[in-house]
Amino acid sequence: MAAKDKVPPAAGRVVVIAGPTASGKSALALDLAEALDGTIINADSMQVYRDLPVLTAQPDATDLGRVPHRLYGFLDLDDACDAQRWAGLAVAEIAAVLAGGGIPILVGGTGLYLRALTTGFSPLPEIPAEIRDAARALVAEEGAPAIHARLTERDPVIAARLKPTDRQRIARAWEVLEATERPLSWWQAQAPVPPTKHHFFSLVLNPERAGLYQAVDGRFEAMLERGALAEVAAAEALPGKVVAGGRKALGYPELARVVSGEATLGEAVPAAQQATRRYAKRQLTWFRHQMGETHFISPDLPAMKFSQSYTAETRHKIRDFLLTP
């Protein structure tokens with residue numbers, strides 16, 4: 001264990017460690033949080049779900065015992081969590097950590113969540129529950145393609161972006177129309193408003209692609225050994241089958257087909273690995289083009305880990321960030 005750096009936390013200073021799945025973010029964050037007396041705050045859209053700790057690679061009991069962790073495993077499978085909801089939760093956790101004299105360290109690969117916090121989105125209205133429920137009921141009754149056709153007339157910009165089968169986003173666009181009498185595209189065109197004025201120091205892991213793909217495949221096999229299939233079987237036995245929330249986790253659809261008897265494990269594993277590799281590729285592209293001011297770092301291959309000297313160098317960069325006025 002590295003000696004702790006006694007750094008007085010600067011007001012409003014937040015560290016971000018981002019990157020594609022299986023790139024070693026969590027291990028690096030643990031080392032840094034332990035050395036800097038930091039608190040790790042989850043920024044992964046699937047690690048918020050309590051019923052899939054193995055499949056979503058949440059920290060285990062050993063990791064949780066090393067440093068404080070926040071926003072992991074607290075939602076039910078069917079509880080939808082979008083970027084704005086997460087950003088509001090993250091702002092509260094960051095404030096609590098700073099108030100206690102700690103250093104918040106955001107860790108995750110969901111770029112949209114991080115953008116919602118660091119840059120913000122265009123302001124969107126609060127939708128009354130009755131209008132939201134009515135929109136969902138309408139989509140369920142008439143079908144997503146029918147409501148999509150009606151959206152084409154009232155909000156052609158948004159309709160052009162959506163697949164006619166995308167029930168969730170079509171219902172969202174419809175509820176905004178009904179509640180505000182303005183199309184969702186109008187709201188999205190407004191200037192973004194960040195939810196916080198904190199200063200962020202962002203590290204993005206940028207591994208070589210072939211090594212990352214190897215790590216993705218190996219991690220999924222390790223998840224199976226640790227009980228990922230049993231997790232999915234238990235989740236499939238729960239009430240509610242909405243293809244949203246935790247059921248969108250990487251590997252879940254393929255393993256659910258094994259549980260239902262529609263596929264063998266031998267068929268599901270390579271399919272899940274391929275889907276995860278494709279997702280990792282999209283993440284790499286997103287972070288390279290959308291993350292803004294950041295520091296790109298590359299883990300050692302093939303283990304996706306960092307040497308002690310590299311971690312120490314990174315820790316010193318963060319220390320400078322925290323101490324610079």
# chains A, B, ... in the order shown; residues from 1 in each chain; ligands from 1

call {"tool": "residues_around", "arguments": {"residues": "range 46-53 of chain A", "least_positions_apart": "6", "cutoff": "10 Å", "atoms": "only C-alpha atoms", "output": "ChimeraX atom specification"}}
result
/A:59-60,70-81,86,108-110,223,227-228,230-232,234-235,245-250,252

call {"tool": "write_last_selection", "arguments": {"atoms": "C-alpha atoms", "output": "tab-separated table (two decimals), in the first residue's frame"}}
result
chain	number	residue	atom	x	y	z
A	59	PRO	CA	-16.48	-3.75	-6.34
A	60	ASP	CA	-16.42	-6.80	-4.11
A	70	ARG	CA	-20.91	5.52	-3.27
A	71	LEU	CA	-23.76	4.96	-5.77
A	72	TYR	CA	-23.13	1.25	-6.28
A	73	GLY	CA	-25.89	-1.36	-6.24
A	74	PHE	CA	-28.75	0.74	-4.89
A	75	LEU	CA	-31.47	0.45	-7.56
A	76	ASP	CA	-33.94	-2.29	-8.50
A	77	LEU	CA	-33.56	-3.86	-11.94
A	78	ASP	CA	-36.56	-2.09	-13.45
A	79	ASP	CA	-35.75	1.32	-12.00
A	80	ALA	CA	-34.70	3.51	-14.93
A	81	CYS	CA	-31.73	5.76	-14.26
A	86	TRP	CA	-27.48	10.20	-11.90
A	108	GLY	CA	-16.94	4.84	-14.75
A	109	GLY	CA	-17.31	4.34	-18.45
A	110	THR	CA	-20.69	5.94	-19.13
A	223	MET	CA	-17.66	-13.41	-14.41
A	227	GLY	CA	-21.77	-16.78	-10.84
A	228	ALA	CA	-22.94	-14.34	-13.53
A	230	ALA	CA	-26.92	-17.58	-11.69
A	231	GLU	CA	-27.37	-13.83	-11.23
A	232	VAL	CA	-29.22	-13.55	-14.53
A	234	ALA	CA	-32.38	-15.02	-10.41
A	235	ALA	CA	-33.09	-11.71	-12.14
A	245	GLY	CA	-32.69	-0.69	-16.31
A	246	GLY	CA	-30.31	-3.45	-15.24
A	247	ARG	CA	-31.50	-5.83	-17.94
A	248	LYS	CA	-29.54	-3.72	-20.44
A	249	ALA	CA	-26.27	-4.80	-18.81
A	250	LEU	CA	-23.61	-6.18	-21.13
A	252	TYR	CA	-27.50	-9.98	-19.85

call {"tool": "residues_around", "arguments": {"residues": "Ile41 in chain A", "least_positions_apart": "6", "cutoff": "6 Å", "atoms": "only C-alpha atoms", "output": "list in words"}}
result
His69, Arg70, Ile105 and Leu106 of chain A

call {"tool": "closest_residue", "arguments": {"among": "A:Ile147, A:Ala87, A:Ala159, A:Leu112", "to": "Ala18 in chain A", "atoms": "only C-alpha atoms"}}
result
A:Leu112

call {"tool": "closest_atom_pairs", "arguments": {"of": "range 15-46 of chain A", "to": "range 316-321 of chain A", "cutoff": "12 Å", "atoms": "only C-alpha atoms", "output": "CSV"}}
result
residue,atom,partner,partner_atom,distance
A:Val15,CA,A:Ile318,CA,7.6
A:Val16,CA,A:Ile318,CA,10.2
A:Ile17,CA,A:Ile318,CA,11.1
A:Ala29,CA,A:Ile318,CA,11.9
A:Leu32,CA,A:Ile318,CA,9.2
A:Ala33,CA,A:Ile318,CA,11.0
A:Ala35,CA,A:Arg319,CA,10.6
A:Leu36,CA,A:Arg319,CA,8.4
A:Asp37,CA,A:Arg319,CA,11.7
A:Gly38,CA,A:Ile318,CA,11.4

call {"tool": "write_last_selection", "arguments": {"atoms": "N, CA and C atoms", "output": "compact mmCIF listing (two decimals), in the first residue's frame"}}
result
# COMPACT_ATOMS: atom_id res chain seq x y z
N VAL A 15 -11.92 14.52 -8.97
CA VAL A 15 -11.13 13.70 -9.88
C VAL A 15 -12.05 12.76 -10.64
N VAL A 16 -11.80 12.60 -11.94
CA VAL A 16 -12.59 11.70 -12.79
C VAL A 16 -11.65 10.68 -13.42
N ILE A 17 -11.99 9.40 -13.28
CA ILE A 17 -11.24 8.33 -13.95
C ILE A 17 -12.23 7.61 -14.86
N ALA A 29 -8.41 3.45 -9.60
CA ALA A 29 -9.14 4.30 -8.67
C ALA A 29 -8.93 3.87 -7.22
N LEU A 32 -5.47 5.03 -6.08
CA LEU A 32 -5.42 6.47 -5.88
C LEU A 32 -6.26 6.90 -4.67
N ALA A 33 -7.44 6.31 -4.53
CA ALA A 33 -8.30 6.68 -3.41
C ALA A 33 -7.65 6.30 -2.09
N ALA A 35 -4.44 6.11 -1.50
CA ALA A 35 -3.30 6.98 -1.26
C ALA A 35 -3.70 8.40 -0.92
N LEU A 36 -4.85 8.85 -1.44
CA LEU A 36 -5.25 10.25 -1.29
C LEU A 36 -6.41 10.45 -0.32
N ASP A 37 -6.78 9.40 0.41
CA ASP A 37 -7.95 9.47 1.29
C ASP A 37 -9.20 9.87 0.49
N GLY A 38 -9.37 9.24 -0.64
CA GLY A 38 -10.49 9.58 -1.51
C GLY A 38 -11.69 8.68 -1.31

call {"tool": "residues_around", "arguments": {"residues": "Arg132 in chain A", "least_positions_apart": "5", "cutoff": "12 Å", "atoms": "only C-alpha atoms", "output": "PyMOL selection string"}}
result
chain A and resi 126-127+137-139+168-179

call {"tool": "write_last_selection", "arguments": {"atoms": "N, CA, C and O atoms", "output": "compact mmCIF listing (two decimals), in the first residue's frame"}}
result
# COMPACT_ATOMS: atom_id res chain seq x y z
N GLU A 126 -39.71 19.42 -15.90
CA GLU A 126 -40.25 18.35 -15.07
C GLU A 126 -41.58 17.90 -15.67
O GLU A 126 -42.44 18.72 -15.97
N ILE A 127 -41.75 16.60 -15.84
CA ILE A 127 -42.97 16.05 -16.43
C ILE A 127 -43.85 15.49 -15.32
O ILE A 127 -43.40 14.64 -14.54
N ALA A 137 -48.52 4.51 -21.47
CA ALA A 137 -49.70 3.69 -21.75
C ALA A 137 -50.11 3.81 -23.22
O ALA A 137 -50.51 2.82 -23.85
N LEU A 138 -49.98 5.02 -23.77
CA LEU A 138 -50.34 5.23 -25.17
C LEU A 138 -49.42 4.43 -26.09
O LEU A 138 -49.89 3.80 -27.05
N VAL A 139 -48.13 4.46 -25.80
CA VAL A 139 -47.18 3.70 -26.62
C VAL A 139 -47.46 2.20 -26.51
O VAL A 139 -47.40 1.47 -27.50
N GLN A 168 -39.07 3.46 -25.29
CA GLN A 168 -38.73 4.34 -24.18
C GLN A 168 -38.51 5.78 -24.64
O GLN A 168 -39.06 6.73 -24.07
N ARG A 169 -37.73 5.96 -25.70
CA ARG A 169 -37.43 7.32 -26.16
C ARG A 169 -38.62 7.96 -26.87
O ARG A 169 -38.80 9.18 -26.81
N ILE A 170 -39.41 7.15 -27.54
CA ILE A 170 -40.62 7.69 -28.18
C ILE A 170 -41.59 8.18 -27.12
O ILE A 170 -42.19 9.27 -27.24
N ALA A 171 -41.76 7.42 -26.05
CA ALA A 171 -42.63 7.85 -24.96
C ALA A 171 -42.10 9.13 -24.32
O ALA A 171 -42.88 10.03 -23.96
N ARG A 172 -40.78 9.23 -24.19
CA ARG A 172 -40.19 10.44 -23.61
C ARG A 172 -40.49 11.66 -24.48
O ARG A 172 -40.90 12.71 -23.98
N ALA A 173 -40.28 11.54 -25.79
CA ALA A 173 -40.55 12.66 -26.69
C ALA A 173 -42.02 13.05 -26.65
O ALA A 173 -42.36 14.25 -26.68
N TRP A 174 -42.89 12.06 -26.55
CA TRP A 174 -44.33 12.35 -26.54
C TRP A 174 -44.74 13.04 -25.25
O TRP A 174 -45.54 13.98 -25.26
N GLU A 175 -44.20 12.61 -24.12
CA GLU A 175 -44.59 13.21 -22.84
C GLU A 175 -44.14 14.67 -22.77
O GLU A 175 -44.84 15.51 -22.20
N VAL A 176 -42.97 14.99 -23.35
CA VAL A 176 -42.50 16.37 -23.36
C VAL A 176 -43.44 17.23 -24.20
O VAL A 176 -43.79 18.36 -23.82
N LEU A 177 -43.85 16.72 -25.35
CA LEU A 177 -44.81 17.44 -26.19
C LEU A 177 -46.10 17.71 -25.45
O LEU A 177 -46.64 18.83 -25.46
N GLU A 178 -46.62 16.70 -24.81
CA GLU A 178 -47.91 16.82 -24.12
C GLU A 178 -47.81 17.76 -22.92
O GLU A 178 -48.75 18.52 -22.65
N ALA A 179 -46.69 17.73 -22.20
CA ALA A 179 -46.58 18.51 -20.97
C ALA A 179 -46.25 19.98 -21.24
O ALA A 179 -46.68 20.86 -20.49

call {"tool": "residues_around", "arguments": {"residues": "His295 in chain A", "least_positions_apart": "5", "cutoff": "7 Å", "atoms": "only C-alpha atoms", "output": "PyMOL selection string"}}
result
chain A and resi 202-204

call {"tool": "atom_distance", "arguments": {"atom1": "CA of Ala95 in chain A", "atom2": "CA of Phe201 in chain A"}}
result
16.3 Å

call {"tool": "select_by_dssp", "arguments": {"residues": "range 163-292 of chain A", "states": "strand (DSSP E)", "output": "list in words"}}
result
His199, Phe200, Phe201, Ser202, Leu203, Val204 and Leu205 of chain A

call {"tool": "select_by_dssp", "arguments": {"residues": "range 39-137 of chain A", "states": "helix (DSSP H, G or I)", "output": "PyMOL selection string"}}
result
chain A and resi 61-66+83-99+111-118+129-137

call {"tool": "write_last_selection", "arguments": {"atoms": "N, CA and C atoms", "output": "CSV table (one decimal), in the first residue's frame"}}
result
chain,number,residue,atom,x,y,z
A,61,ALA,N,-16.4,-7.3,-1.7
A,61,ALA,CA,-16.3,-6.9,-0.3
A,61,ALA,C,-14.9,-6.4,0.1
A,62,THR,N,-13.9,-7.0,-0.5
A,62,THR,CA,-12.5,-6.6,-0.2
A,62,THR,C,-12.3,-5.1,-0.7
A,63,ASP,N,-12.7,-4.8,-1.9
A,63,ASP,CA,-12.6,-3.5,-2.4
A,63,ASP,C,-13.4,-2.5,-1.6
A,64,LEU,N,-14.6,-2.8,-1.2
A,64,LEU,CA,-15.5,-1.9,-0.4
A,64,LEU,C,-14.8,-1.7,0.9
A,65,GLY,N,-14.0,-2.6,1.4
A,65,GLY,CA,-13.4,-2.4,2.7
A,65,GLY,C,-12.2,-1.5,2.7
A,66,ARG,N,-11.6,-1.3,1.5
A,66,ARG,CA,-10.4,-0.5,1.4
A,66,ARG,C,-10.7,1.0,1.4
A,83,ALA,N,-29.1,10.0,-17.3
A,83,ALA,CA,-27.9,10.8,-17.0
A,83,ALA,C,-28.2,11.9,-16.1
A,84,GLN,N,-29.4,12.5,-16.3
A,84,GLN,CA,-29.7,13.7,-15.4
A,84,GLN,C,-30.0,13.2,-14.0
A,85,ARG,N,-30.7,12.1,-13.8
A,85,ARG,CA,-31.0,11.6,-12.5
A,85,ARG,C,-29.6,11.3,-11.8
A,86,TRP,N,-28.8,10.6,-12.5
A,86,TRP,CA,-27.5,10.2,-11.9
A,86,TRP,C,-26.7,11.4,-11.5
A,87,ALA,N,-26.7,12.4,-12.4
A,87,ALA,CA,-25.9,13.7,-12.1
A,87,ALA,C,-26.4,14.3,-10.8
A,88,GLY,N,-27.7,14.4,-10.6
A,88,GLY,CA,-28.2,14.9,-9.4
A,88,GLY,C,-27.7,14.2,-8.2
A,89,LEU,N,-27.7,12.8,-8.3
A,89,LEU,CA,-27.3,12.0,-7.2
A,89,LEU,C,-25.8,12.2,-6.9
A,90,ALA,N,-25.0,12.3,-8.0
A,90,ALA,CA,-23.6,12.5,-7.9
A,90,ALA,C,-23.2,13.8,-7.3
A,91,VAL,N,-24.0,14.9,-7.6
A,91,VAL,CA,-23.7,16.2,-7.0
A,91,VAL,C,-23.9,16.1,-5.5
A,92,ALA,N,-24.9,15.4,-5.1
A,92,ALA,CA,-25.1,15.3,-3.6
A,92,ALA,C,-24.0,14.5,-2.9
A,93,GLU,N,-23.5,13.4,-3.6
A,93,GLU,CA,-22.4,12.7,-3.0
A,93,GLU,C,-21.1,13.4,-3.0
A,94,ILE,N,-20.9,14.2,-4.1
A,94,ILE,CA,-19.7,15.0,-4.1
A,94,ILE,C,-19.7,16.0,-3.0
A,95,ALA,N,-20.8,16.7,-2.8
A,95,ALA,CA,-20.9,17.7,-1.8
A,95,ALA,C,-20.7,17.1,-0.4
A,96,ALA,N,-21.2,15.9,-0.2
A,96,ALA,CA,-21.0,15.2,1.1
A,96,ALA,C,-19.5,14.9,1.4
A,97,VAL,N,-18.8,14.4,0.3
A,97,VAL,CA,-17.4,14.0,0.5
A,97,VAL,C,-16.6,15.3,0.7
A,98,LEU,N,-16.8,16.3,0.0
A,98,LEU,CA,-16.1,17.6,0.2
A,98,LEU,C,-16.3,18.2,1.5
A,99,ALA,N,-17.6,18.1,2.0
A,99,ALA,CA,-17.9,18.7,3.3
A,99,ALA,C,-17.2,17.9,4.4
A,111,GLY,N,-20.0,7.7,-20.7
A,111,GLY,CA,-19.6,9.0,-21.0
A,111,GLY,C,-20.8,10.0,-20.9
A,112,LEU,N,-22.0,9.6,-21.2
A,112,LEU,CA,-23.1,10.5,-21.1
A,112,LEU,C,-23.3,11.0,-19.7
A,113,TYR,N,-23.1,10.1,-18.7
A,113,TYR,CA,-23.3,10.4,-17.3
A,113,TYR,C,-22.2,11.5,-16.9
A,114,LEU,N,-21.0,11.3,-17.4
A,114,LEU,CA,-20.0,12.2,-17.0
A,114,LEU,C,-20.2,13.6,-17.7
A,115,ARG,N,-20.7,13.6,-18.9
A,115,ARG,CA,-21.0,14.8,-19.6
A,115,ARG,C,-22.1,15.6,-18.8
A,116,ALA,N,-23.1,14.8,-18.4
A,116,ALA,CA,-24.2,15.5,-17.7
A,116,ALA,C,-23.7,16.2,-16.4
A,117,LEU,N,-22.7,15.7,-15.8
A,117,LEU,CA,-22.1,16.3,-14.6
A,117,LEU,C,-21.2,17.4,-14.9
A,118,THR,N,-20.3,17.2,-15.8
A,118,THR,CA,-19.2,18.2,-16.1
A,118,THR,C,-19.6,19.3,-17.0
A,129,ALA,N,-46.3,13.2,-13.3
A,129,ALA,CA,-46.3,11.7,-13.3
A,129,ALA,C,-47.5,11.2,-14.1
A,130,GLU,N,-48.6,11.9,-14.1
A,130,GLU,CA,-49.8,11.4,-14.8
A,130,GLU,C,-49.6,11.6,-16.3
A,131,ILE,N,-48.9,12.6,-16.8
A,131,ILE,CA,-48.6,12.7,-18.2
A,131,ILE,C,-47.6,11.7,-18.6
A,132,ARG,N,-46.6,11.4,-17.8
A,132,ARG,CA,-45.6,10.4,-18.1
A,132,ARG,C,-46.2,9.0,-18.2
A,133,ASP,N,-47.1,8.7,-17.3
A,133,ASP,CA,-47.8,7.4,-17.3
A,133,ASP,C,-48.7,7.3,-18.5
A,134,ALA,N,-49.4,8.4,-18.8
A,134,ALA,CA,-50.3,8.4,-20.0
A,134,ALA,C,-49.5,8.2,-21.3
A,135,ALA,N,-48.3,8.7,-21.4
A,135,ALA,CA,-47.5,8.6,-22.6
A,135,ALA,C,-47.0,7.1,-22.7
A,136,ARG,N,-46.6,6.5,-21.7
A,136,ARG,CA,-46.2,5.1,-21.7
A,136,ARG,C,-47.4,4.2,-22.0
A,137,ALA,N,-48.5,4.5,-21.5
A,137,ALA,CA,-49.7,3.7,-21.8
A,137,ALA,C,-50.1,3.8,-23.2

call {"tool": "atom_distance", "arguments": {"atom1": "CA of Arg278 in chain A", "atom2": "CA of Tyr213 in chain A"}}
result
9.1 Å

call {"tool": "closest_residue", "arguments": {"among": "A:Ala149, A:Ala222, A:Leu265, A:Leu323", "to": "Val54 in chain A", "atoms": "only C-alpha atoms"}}
result
A:Ala222

call {"tool": "atom_distance", "arguments": {"atom1": "CA of Val157 in chain A", "atom2": "CA of Pro192 in chain A"}}
result
18.6 Å

call {"tool": "closest_residue", "arguments": {"among": "A:Ala140, A:Ala22, A:Val14, A:Leu30", "to": "Thr311 in chain A", "atoms": "only C-alpha atoms"}}
result
A:Leu30

call {"tool": "closest_residue", "arguments": {"among": "A:Gly240, A:Pro195, A:Gly251, A:Gly12", "to": "Ala271 in chain A", "atoms": "only C-alpha atoms"}}
result
A:Gly251
